[in-house]
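The structure under discussion appears below in the form of structure tokens.
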Amino acid sequence: MNRVLVQAAALLAVIVLSSCGGDGDDNGMPGMSGMGTNTATDVPFDARFIDSMIVHHEAAVAMARQALASGAHPEIKAMANDIIRAQEAETAQMRQWRKDWYPDLPPTNGLQMDMGAMQIVNDPARPFDLRFIEAMIPHHQGAIAMATGARTMAVHTELRTLASNILSAQQGEIAQMEQWKREWFA
């Protein structure tokens, strides 16, 4: 949980720093490229969150589909089905909000933050279910960091509600995966 709090604090720091404006010069700071042109004053936070979370959810769905095909434990497959169902629905909702709220806004650079693992490591020497867990936990932690910021920064109530739902679901899934990791792979 401490790691999640650190990530949330880092997200808020990025948001605060990005709202300072700038001329697009990254001053040679790694990871800051484009921040000057994608500030809170230039692009609405809600649009940046939606653009980031759609990409993030699409990666989770891809990993969950891999788990359906390669997972050994029925619990992993059940969680994969839950992830696919929930995140495809959330992605469709976010696409509709993006269209409704920002019809003329071109794609943004998103939140410009670490989103966690975006794919499962290809190492057949290690059990697939362990690799899935080790990829999905940091992936969910990335979503939690983004959603934590959205709960306070989002303008639209619907987006704040979605962020709360993401936090609840993904914190629960992390706890479950950590338990499975201890039970199955300790």
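Each chain in the structure tokens gets a letter, A, B, ..., in the order shown, and its residues are numbered from 1; ligands are numbered from 1 in order too.
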
**Asked** Got a sec: who's within 12 Å of segment 87-89 of chain A, counting only C-alpha atoms, leaving out chain neighbours fewer than 6 positions off, as a PyMOL selection string?
**Response** chain A and resi 53-65+79-81+95-96+140+143+162+165-166+169-170

**Top pick for closest residue to Gln179 of chain A, considering A:Lys99, A:Leu130, A:Arg85, A:Asp104 and counting only C-alpha atoms** =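 Using only C-alpha atoms, the shortest distance to Gln179 of chain A belongs to A:Leu130.
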
**Item:** Every residue of segment 76-139 of chain A that DSSP places in alpha helix (DSSP H), as JSON, numbers by chain
**Value:** {"A": [76, 77, 78, 79, 80, 81, 82, 83, 84, 85, 86, 87, 88, 89, 90, 91, 92, 93, 94, 95, 96, 97, 98, 99, 100, 101, 128, 129, 130, 131, 132, 133, 134, 135, 136, 137, 138, 139]}

**Message:** Counting only C-alpha atoms, which residue out of A:Arg98, A:Thr91, A:Asn109, A:Gln66 sits closest to Val121 of chain A?
**Reply:** A:Gln66

**Prompt:** What does the distance between atom CA of Ile120 of chain A and atom CA of Met136 of chain A come to in Å, to one decimal place?
**Reply:** 8.0 Å

**Asked** Quick one, how far is atom CA of Ala78 of chain A from atom CA of Ser164 of chain A?
**Response**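 Answer for the atom CA of Ala78 of chain A to atom CA of Ser164 of chain A separation: 22.5 Å.
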
**Distance in Å - atom CA of Met177 of chain A versus atom CA of Ile133 of chain A** =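 A separation of 6.0 Å between them.
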
**Request:** Within 10 Å of Arg131 of chain A, counting only C-alpha atoms, which residues show up once you throw out same-chain ones fewer than 5 positions away? Write them as a ChimeraX atom specification, please.
**Result:** /A:67,71,119-124,126,136
